[in-house]
$ cat start_17.pdb   # PDB, N, CA and C atoms
ATOM      1  N   MET H1165       0.819  -1.165   0.000
ATOM      2  CA  MET H1165       0.000   0.000   0.000
ATOM      3  C   MET H1165       0.873   1.241   0.000
ATOM      4  N   SER H1166       0.451   2.191  -0.709
ATOM      5  CA  SER H1166       1.235   3.408  -0.791
ATOM      6  C   SER H1166       0.943   4.282   0.423
ATOM      7  N   ARG H1167       1.811   5.218   0.586
ATOM      8  CA  ARG H1167       1.673   6.111   1.724
ATOM      9  C   ARG H1167       0.399   6.939   1.629
ATOM     10  N   ALA H1168       0.008   7.373   0.502
ATOM     11  CA  ALA H1168      -1.201   8.169   0.298
ATOM     12  C   ALA H1168      -2.427   7.334   0.605
ATOM     13  N   THR H1169      -2.401   6.060   0.238
ATOM     14  CA  THR H1169      -3.538   5.175   0.498
ATOM     15  C   THR H1169      -3.665   4.935   1.994
ATOM     16  N   ARG H1170      -2.515   4.732   2.651
ATOM     17  CA  ARG H1170      -2.560   4.524   4.098
ATOM     18  C   ARG H1170      -3.053   5.782   4.798
ATOM     19  N   SER H1171      -2.622   6.898   4.364
ATOM     20  CA  SER H1171      -3.035   8.165   4.961
ATOM     21  C   SER H1171      -4.527   8.369   4.770
ATOM     22  N   ALA H1172      -5.052   8.044   3.608
ATOM     23  CA  ALA H1172      -6.483   8.183   3.343
ATOM     24  C   ALA H1172      -7.269   7.202   4.196
ATOM     25  N   ALA H1173      -6.752   5.955   4.348
ATOM     26  CA  ALA H1173      -7.425   4.948   5.158
ATOM     27  C   ALA H1173      -7.413   5.366   6.618
ATOM     28  N   THR H1174      -6.307   5.890   7.078
ATOM     29  CA  THR H1174      -6.194   6.337   8.468
ATOM     30  C   THR H1174      -7.103   7.524   8.696
ATOM     31  N   SER H1175      -7.163   8.408   7.735
ATOM     32  CA  SER H1175      -8.015   9.577   7.840
ATOM     33  C   SER H1175      -9.477   9.167   7.906
ATOM     34  N   THR H1176      -9.857   8.222   7.051
ATOM     35  CA  THR H1176     -11.232   7.736   7.060
ATOM     36  C   THR H1176     -11.514   7.020   8.374
ATOM     37  N   SER H1177     -10.576   6.216   8.803
ATOM     38  CA  SER H1177     -10.734   5.489  10.054
ATOM     39  C   SER H1177     -10.819   6.466  11.223
ATOM     40  N   GLY H1178     -10.008   7.492  11.214
ATOM     41  CA  GLY H1178     -10.026   8.515  12.271
ATOM     42  C   GLY H1178     -11.332   9.283  12.271
ATOM     43  N   THR H1179     -11.838   9.596  11.067
ATOM     44  CA  THR H1179     -13.107  10.307  10.950
ATOM     45  C   THR H1179     -14.243   9.453  11.493
ATOM     46  N   GLU H1180     -14.196   8.173  11.191
ATOM     47  CA  GLU H1180     -15.241   7.263  11.689
ATOM     48  C   GLU H1180     -15.187   7.169  13.212
ATOM     49  N   LYS H1181     -13.978   7.091  13.766
ATOM     50  CA  LYS H1181     -13.833   7.017  15.224
ATOM     51  C   LYS H1181     -14.345   8.301  15.871
ATOM     52  N   THR H1182     -13.965   9.418  15.254
ATOM     53  CA  THR H1182     -14.423  10.700  15.783
ATOM     54  C   THR H1182     -15.943  10.793  15.724
ATOM     55  N   GLN H1183     -16.510  10.383  14.586
ATOM     56  CA  GLN H1183     -17.968  10.414  14.433
ATOM     57  C   GLN H1183     -18.636   9.500  15.465
ATOM     58  N   LYS H1184     -18.061   8.311  15.698
ATOM     59  CA  LYS H1184     -18.619   7.379  16.672
ATOM     60  C   LYS H1184     -18.578   7.993  18.071
ATOM     61  N   ILE H1185     -17.455   8.629  18.407
ATOM     62  CA  ILE H1185     -17.327   9.274  19.722
ATOM     63  C   ILE H1185     -18.347  10.398  19.866
ATOM     64  N   LEU H1186     -18.508  11.198  18.789
ATOM     65  CA  LEU H1186     -19.496  12.280  18.825
ATOM     66  C   LEU H1186     -20.905  11.730  18.990
ATOM     67  N   ASN H1187     -21.200  10.624  18.296
ATOM     68  CA  ASN H1187     -22.515   9.993  18.435
ATOM     69  C   ASN H1187     -22.723   9.486  19.867
ATOM     70  N   ASP H1188     -21.678   8.898  20.437
ATOM     71  CA  ASP H1188     -21.760   8.414  21.822
ATOM     72  C   ASP H1188     -21.992   9.571  22.794
ATOM     73  N   VAL H1189     -21.293  10.675  22.552
ATOM     74  CA  VAL H1189     -21.453  11.858  23.402
ATOM     75  C   VAL H1189     -22.889  12.385  23.298
ATOM     76  N   GLU H1190     -23.418  12.446  22.091
ATOM     77  CA  GLU H1190     -24.798  12.902  21.899
ATOM     78  C   GLU H1190     -25.786  11.978  22.608
ATOM     79  N   GLU H1191     -25.513  10.688  22.508
ATOM     80  CA  GLU H1191     -26.395   9.714  23.174
ATOM     81  C   GLU H1191     -26.356   9.912  24.687
ATOM     82  N   VAL H1192     -25.160  10.102  25.224
ATOM     83  CA  VAL H1192     -25.019  10.330  26.666
ATOM     84  C   VAL H1192     -25.706  11.632  27.065
ATOM     85  N   LYS H1193     -25.550  12.665  26.237
ATOM     86  CA  LYS H1193     -26.223  13.936  26.516
ATOM     87  C   LYS H1193     -27.736  13.750  26.551
ATOM     88  N   GLY H1194     -28.271  12.972  25.617
ATOM     89  CA  GLY H1194     -29.709  12.704  25.589
ATOM     90  C   GLY H1194     -30.170  11.972  26.845
ATOM     91  N   VAL H1195     -29.403  10.963  27.246
ATOM     92  CA  VAL H1195     -29.749  10.213  28.462
ATOM     93  C   VAL H1195     -29.689  11.129  29.682
ATOM     94  N   MET H1196     -28.666  11.942  29.771
ATOM     95  CA  MET H1196     -28.520  12.852  30.901
ATOM     96  C   MET H1196     -29.648  13.888  30.930
ATOM     97  N   THR H1197     -30.041  14.381  29.759
ATOM     98  CA  THR H1197     -31.153  15.333  29.688
ATOM     99  C   THR H1197     -32.432  14.693  30.201
ATOM    100  N   LYS H1198     -32.682  13.454  29.773
ATOM    101  CA  LYS H1198     -33.868  12.734  30.263
ATOM    102  C   LYS H1198     -33.788  12.535  31.768
ATOM    103  N   ASN H1199     -32.613  12.169  32.256
ATOM    104  CA  ASN H1199     -32.444  11.959  33.697
ATOM    105  C   ASN H1199     -32.698  13.237  34.489
ATOM    106  N   ILE H1200     -32.219  14.354  33.954
ATOM    107  CA  ILE H1200     -32.440  15.636  34.623
ATOM    108  C   ILE H1200     -33.921  15.982  34.613
ATOM    109  N   ASP H1201     -34.608  15.738  33.499
ATOM    110  CA  ASP H1201     -36.052  15.987  33.437
ATOM    111  C   ASP H1201     -36.800  15.140  34.462
ATOM    112  N   VAL H1202     -36.442  13.872  34.556
ATOM    113  CA  VAL H1202     -37.080  12.982  35.528
ATOM    114  C   VAL H1202     -36.795  13.468  36.951
ATOM    115  N   LEU H1203     -35.557  13.888  37.194
ATOM    116  CA  LEU H1203     -35.182  14.399  38.506
ATOM    117  C   LEU H1203     -36.023  15.617  38.880
ATOM    118  N   LEU H1204     -36.205  16.535  37.942
ATOM    119  CA  LEU H1204     -37.010  17.731  38.207
ATOM    120  C   LEU H1204     -38.476  17.372  38.457
ATOM    121  N   GLN H1205     -38.997  16.420  37.695
ATOM    122  CA  GLN H1205     -40.376  15.980  37.917
ATOM    123  C   GLN H1205     -40.524  15.344  39.289
ATOM    124  N   ASN H1206     -39.562  14.519  39.668
ATOM    125  CA  ASN H1206     -39.604  13.883  40.989
ATOM    126  C   ASN H1206     -39.514  14.918  42.102
ATOM    127  N   HIS H1207     -38.707  15.947  41.873
ATOM    128  CA  HIS H1207     -38.579  17.012  42.863
ATOM    129  C   HIS H1207     -39.915  17.732  43.043
ATOM    130  N   GLU H1208     -40.600  18.013  41.942
ATOM    131  CA  GLU H1208     -41.911  18.664  42.009
ATOM    132  C   GLU H1208     -42.907  17.777  42.751
ATOM    133  N   LYS H1209     -42.894  16.481  42.446
ATOM    134  CA  LYS H1209     -43.795  15.553  43.122
ATOM    135  C   LYS H1209     -43.478  15.500  44.619
ATOM    136  N   LEU H1210     -42.217  15.511  44.940
ATOM    137  CA  LEU H1210     -41.797  15.483  46.339
ATOM    138  C   LEU H1210     -42.274  16.733  47.074
ATOM    139  N   GLU H1211     -42.176  17.870  46.422
ATOM    140  CA  GLU H1211     -42.671  19.114  47.026
ATOM    141  C   GLU H1211     -44.173  19.031  47.262
ATOM    142  N   ASN H1212     -44.917  18.461  46.300
ATOM    143  CA  ASN H1212     -46.364  18.307  46.468
ATOM    144  C   ASN H1212     -46.682  17.378  47.632
ATOM    145  N   VAL H1213     -45.958  16.283  47.723
ATOM    146  CA  VAL H1213     -46.176  15.327  48.814
ATOM    147  C   VAL H1213     -45.855  15.995  50.152
ATOM    148  N   GLU H1214     -44.795  16.767  50.177
ATOM    149  CA  GLU H1214     -44.409  17.457  51.411
ATOM    150  C   GLU H1214     -45.486  18.454  51.831
ATOM    151  N   ALA H1215     -46.038  19.199  50.889
ATOM    152  CA  ALA H1215     -47.095  20.163  51.199
ATOM    153  C   ALA H1215     -48.340  19.443  51.708
ATOM    154  N   LYS H1216     -48.712  18.352  51.054
ATOM    155  CA  LYS H1216     -49.883  17.592  51.495
ATOM    156  C   LYS H1216     -49.648  16.987  52.876
ATOM    157  N   SER H1217     -48.450  16.521  53.118
ATOM    158  CA  SER H1217     -48.114  15.940  54.421
ATOM    159  C   SER H1217     -48.221  16.999  55.516
ATOM    160  N   SER H1218     -47.731  18.175  55.244
ATOM    161  CA  SER H1218     -47.806  19.270  56.204
ATOM    162  C   SER H1218     -49.262  19.635  56.489
ATOM    163  N   GLU H1219     -50.061  19.685  55.431
ATOM    164  CA  GLU H1219     -51.481  20.002  55.589
ATOM    165  C   GLU H1219     -52.196  18.916  56.401
ATOM    166  N   MET H1220     -51.868  17.668  56.124
ATOM    167  CA  MET H1220     -52.489  16.567  56.867
ATOM    168  C   MET H1220     -52.078  16.619  58.342
ATOM    169  N   GLN H1221     -50.838  16.975  58.626
ATOM    170  CA  GLN H1221     -50.377  17.095  60.010
ATOM    171  C   GLN H1221     -51.165  18.178  60.724
ATOM    172  N   HIS H1222     -51.400  19.296  60.054
ATOM    173  CA  HIS H1222     -52.189  20.383  60.638
ATOM    174  C   HIS H1222     -53.606  19.900  60.950
ATOM    175  N   HIS H1223     -54.232  19.201  59.981
ATOM    176  CA  HIS H1223     -55.584  18.696  60.196
ATOM    177  C   HIS H1223     -55.617  17.664  61.319
ATOM    178  N   ALA H1224     -54.582  16.863  61.440
ATOM    179  CA  ALA H1224     -54.511  15.875  62.516
ATOM    180  C   ALA H1224     -54.440  16.565  63.878
ATOM    181  N   ASN H1225     -53.674  17.642  63.956
ATOM    182  CA  ASN H1225     -53.587  18.388  65.216
ATOM    183  C   ASN H1225     -54.923  19.025  65.582
ATOM    184  N   VAL H1226     -55.602  19.599  64.604
ATOM    185  CA  VAL H1226     -56.919  20.195  64.846
ATOM    186  C   VAL H1226     -57.895  19.115  65.300
ATOM    187  N   PHE H1227     -57.882  17.969  64.624
ATOM    188  CA  PHE H1227     -58.772  16.865  64.986
ATOM    189  C   PHE H1227     -58.497  16.404  66.415
ATOM    190  N   LYS H1228     -57.243  16.300  66.788
ATOM    191  CA  LYS H1228     -56.886  15.850  68.136
ATOM    192  C   LYS H1228     -57.412  16.824  69.187
ATOM    193  N   LYS H1229     -57.252  18.122  68.941
ATOM    194  CA  LYS H1229     -57.752  19.125  69.889
ATOM    195  C   LYS H1229     -59.268  19.049  70.013
ATOM    196  N   GLN H1230     -59.951  18.913  68.881
ATOM    197  CA  GLN H1230     -61.411  18.833  68.917
ATOM    198  C   GLN H1230     -61.873  17.549  69.602
ATOM    199  N   ALA H1231     -61.188  16.453  69.354
ATOM    200  CA  ALA H1231     -61.550  15.182  69.980
ATOM    201  C   ALA H1231     -61.363  15.262  71.493
ATOM    202  N   THR H1232     -60.298  15.905  71.937
ATOM    203  CA  THR H1232     -60.059  16.067  73.370
ATOM    204  C   THR H1232     -61.151  16.927  73.989
ATOM    205  N   ALA H1233     -61.542  17.992  73.313
ATOM    206  CA  ALA H1233     -62.598  18.869  73.827
ATOM    207  C   ALA H1233     -63.929  18.107  73.921
ATOM    208  N   VAL H1234     -64.243  17.324  72.908
ATOM    209  CA  VAL H1234     -65.486  16.544  72.921
ATOM    210  C   VAL H1234     -65.438  15.498  74.032
ATOM    211  N   LYS H1235     -64.290  14.886  74.221
ATOM    212  CA  LYS H1235     -64.134  13.871  75.276
ATOM    213  C   LYS H1235     -64.399  14.487  76.646
ATOM    214  N   LYS H1236     -63.829  15.664  76.901
ATOM    215  CA  LYS H1236     -64.058  16.345  78.184
ATOM    216  C   LYS H1236     -65.526  16.714  78.356
ATOM    217  N   GLU H1237     -66.125  17.215  77.296
ATOM    218  CA  GLU H1237     -67.538  17.600  77.352
ATOM    219  C   GLU H1237     -68.418  16.394  77.663
ATOM    220  N   MET H1238     -68.160  15.276  77.017
ATOM    221  CA  MET H1238     -68.946  14.064  77.262
ATOM    222  C   MET H1238     -68.711  13.528  78.676
ATOM    223  N   TRP H1239     -67.477  13.671  79.193
ATOM    224  CA  TRP H1239     -67.184  13.228  80.546
ATOM    225  C   TRP H1239     -68.011  14.021  81.550
ATOM    226  N   TRP H1240     -68.086  15.347  81.358
ATOM    227  CA  TRP H1240     -68.881  16.173  82.266
ATOM    228  C   TRP H1240     -70.367  15.848  82.146
ATOM    229  N   LYS H1241     -70.836  15.634  80.946
ATOM    230  CA  LYS H1241     -72.248  15.263  80.783
ATOM    231  C   LYS H1241     -72.539  13.940  81.483
ATOM    232  N   ASN H1242     -71.611  12.992  81.387
ATOM    233  CA  ASN H1242     -71.771  11.704  82.048
ATOM    234  C   ASN H1242     -71.792  11.888  83.566
ATOM    235  N   CYS H1243     -70.920  12.744  84.092
ATOM    236  CA  CYS H1243     -70.905  13.014  85.530
ATOM    237  C   CYS H1243     -72.231  13.628  85.984
ATOM    238  N   LYS H1244     -72.729  14.594  85.232
ATOM    239  CA  LYS H1244     -74.002  15.235  85.573
ATOM    240  C   LYS H1244     -75.131  14.218  85.567
ATOM    241  N   LEU H1245     -75.141  13.343  84.578
ATOM    242  CA  LEU H1245     -76.177  12.323  84.490
ATOM    243  C   LEU H1245     -76.100  11.367  85.678
ATOM    244  N   CYS H1246     -74.890  10.977  86.070
ATOM    245  CA  CYS H1246     -74.721  10.102  87.235
ATOM    246  C   CYS H1246     -75.232  10.780  88.497
ATOM    247  N   VAL H1247     -74.941  12.056  88.690
ATOM    248  CA  VAL H1247     -75.420  12.804  89.858
ATOM    249  C   VAL H1247     -76.938  12.864  89.859
ATOM    250  N   ILE H1248     -77.534  13.118  88.715
ATOM    251  CA  ILE H1248     -78.993  13.178  88.623
ATOM    252  C   ILE H1248     -79.608  11.824  88.969
ATOM    253  N   ILE H1249     -79.034  10.750  88.455
ATOM    254  CA  ILE H1249     -79.553   9.405  88.745
ATOM    255  C   ILE H1249     -79.427   9.104  90.239
ATOM    256  N   ILE H1250     -78.296   9.456  90.841
ATOM    257  CA  ILE H1250     -78.115   9.231  92.278
ATOM    258  C   ILE H1250     -79.133  10.027  93.081
ATOM    259  N   LEU H1251     -79.365  11.280  92.701
ATOM    260  CA  LEU H1251     -80.361  12.103  93.404
ATOM    261  C   LEU H1251     -81.771  11.513  93.282
ATOM    262  N   ILE H1252     -82.107  10.991  92.117
ATOM    263  CA  ILE H1252     -83.424  10.381  91.920
ATOM    264  C   ILE H1252     -83.561   9.130  92.785
ATOM    265  N   VAL H1253     -82.505   8.330  92.817
ATOM    266  CA  VAL H1253     -82.535   7.116  93.642
ATOM    267  C   VAL H1253     -82.657   7.483  95.121
ATOM    268  N   VAL H1254     -81.893   8.450  95.576
ATOM    269  CA  VAL H1254     -81.961   8.887  96.978
ATOM    270  C   VAL H1254     -83.349   9.443  97.287
ATOM    271  N   ALA H1255     -83.895  10.249  96.386
ATOM    272  CA  ALA H1255     -85.236  10.811  96.595
ATOM    273  C   ALA H1255     -86.283   9.698  96.630
ATOM    274  N   ALA H1256     -86.125   8.714  95.741
ATOM    275  CA  ALA H1256     -87.080   7.602  95.729
ATOM    276  C   ALA H1256     -86.979   6.794  97.016
ATOM    277  N   LEU H1257     -85.785   6.541  97.485
ATOM    278  CA  LEU H1257     -85.603   5.809  98.747
ATOM    279  C   LEU H1257     -86.134   6.617  99.923
ATOM    280  N   ALA H1258     -85.898   7.921  99.890
ATOM    281  CA  ALA H1258     -86.404   8.787 100.961
ATOM    282  C   ALA H1258     -87.935   8.777 100.951
ATOM    283  N   ALA H1259     -88.517   8.870  99.763
ATOM    284  CA  ALA H1259     -89.977   8.854  99.666
ATOM    285  C   ALA H1259     -90.526   7.510 100.133
ATOM    286  N   LEU H1260     -89.864   6.438  99.741
ATOM    287  CA  LEU H1260     -90.274   5.101 100.159
ATOM    288  C   LEU H1260     -90.128   4.956 101.666
ATOM    289  N   GLY H1261     -89.062   5.492 102.199
ATOM    290  CA  GLY H1261     -88.839   5.444 103.651
ATOM    291  C   GLY H1261     -89.899   6.210 104.406
ATOM    292  N   ILE H1262     -90.272   7.353 103.904
ATOM    293  CA  ILE H1262     -91.320   8.160 104.549
ATOM    294  C   ILE H1262     -92.645   7.417 104.498
ATOM    295  N   CYS H1263     -92.923   6.808 103.355
ATOM    296  CA  CYS H1263     -94.179   6.079 103.210
ATOM    297  C   CYS H1263     -94.232   4.877 104.151
ATOM    298  N   VAL H1264     -93.123   4.267 104.419
ATOM    299  CA  VAL H1264     -93.083   3.082 105.288
ATOM    300  C   VAL H1264     -93.019   3.503 106.750
ATOM    301  N   ILE H1265     -92.205   4.497 107.061
ATOM    302  CA  ILE H1265     -92.001   4.897 108.457
ATOM    303  C   ILE H1265     -93.141   5.746 108.997
ATOM    304  N   LEU H1266     -93.719   6.597 108.184
ATOM    305  CA  LEU H1266     -94.773   7.501 108.661
ATOM    306  C   LEU H1266     -95.955   6.748 109.233
ATOM    307  N   PRO H1267     -96.491   5.691 108.590
ATOM    308  CA  PRO H1267     -97.606   4.987 109.240
ATOM    309  C   PRO H1267     -97.199   4.328 110.566
ATOM    310  N   ILE H1268     -95.966   3.871 110.634
ATOM    311  CA  ILE H1268     -95.506   3.250 111.882
ATOM    312  C   ILE H1268     -95.424   4.290 112.965
ATOM    313  N   VAL H1269     -94.894   5.457 112.646
ATOM    314  CA  VAL H1269     -94.782   6.550 113.624
ATOM    315  C   VAL H1269     -96.178   7.018 114.033
ATOM    316  N   LEU H1270     -97.102   7.091 113.110
ATOM    317  CA  LEU H1270     -98.445   7.541 113.410
ATOM    318  C   LEU H1270     -99.163   6.533 114.314
ATOM    319  N   LYS H1271     -98.929   5.277 114.173
ATOM    320  CA  LYS H1271     -99.532   4.265 115.035
ATOM    321  C   LYS H1271     -98.983   4.344 116.450
ATOM    322  N   LEU H1272     -97.730   4.694 116.568
ATOM    323  CA  LEU H1272     -97.104   4.794 117.869
ATOM    324  C   LEU H1272     -97.585   5.986 118.646
ATOM    325  N   THR H1273     -98.023   6.985 118.022
ATOM    326  CA  THR H1273     -98.461   8.188 118.728
ATOM    327  C   THR H1273     -99.889   8.186 119.064
TER     328      THR H1273
END

$ encode --input "start_17.pdb" --output "structure tokens"
Amino acid sequence: MSRATRSAATSTSGTEKTQKILNDVEEVKGVMTKNIDVLLQNHEKLENVEAKSSEMQHHANVFKKQATAVKKEMWWKNCKLCVIIILIVVAALAALGICVILPIVLKLT
């Protein structure tokens, strides 16, 4: 092979290698661009999840406070009802006692 032929073959071979490297670089750039796009989308989704999580935490705190207030209110209502029932029972026993004892006392006098 002559020197000119070898030089042309090397030049063609070098051009092909360079073109292949450029194609590989473009392919890598495309993959990296896609990866960056996916990363940005994931970041946006993460921000949305974080905002929703914060909002849910706020609602959970409000619910807990309201549940505690309702629990206390129901406890007091239950106490009042128990006192009323005890008073009715005591009044009924007192009335029954008067009805039983009064005739006995009246007979004795």

$ atom_distance --input "start_17.pdb" --atom1 "atom N of Ala1256 (chain H)" --atom2 "atom C of Asn1242 (chain H)"
19.1 Å

$ atom_distance --input "start_17.pdb" --atom1 "CA of His1207 (chain H)" --atom2 "atom C of Asp1188 (chain H)"
27.1 Å

$ atom_distance --input "start_17.pdb" --atom1 "atom C of Ile1252 (chain H)" --atom2 "atom N of Trp1239 (chain H)"
21.5 Å
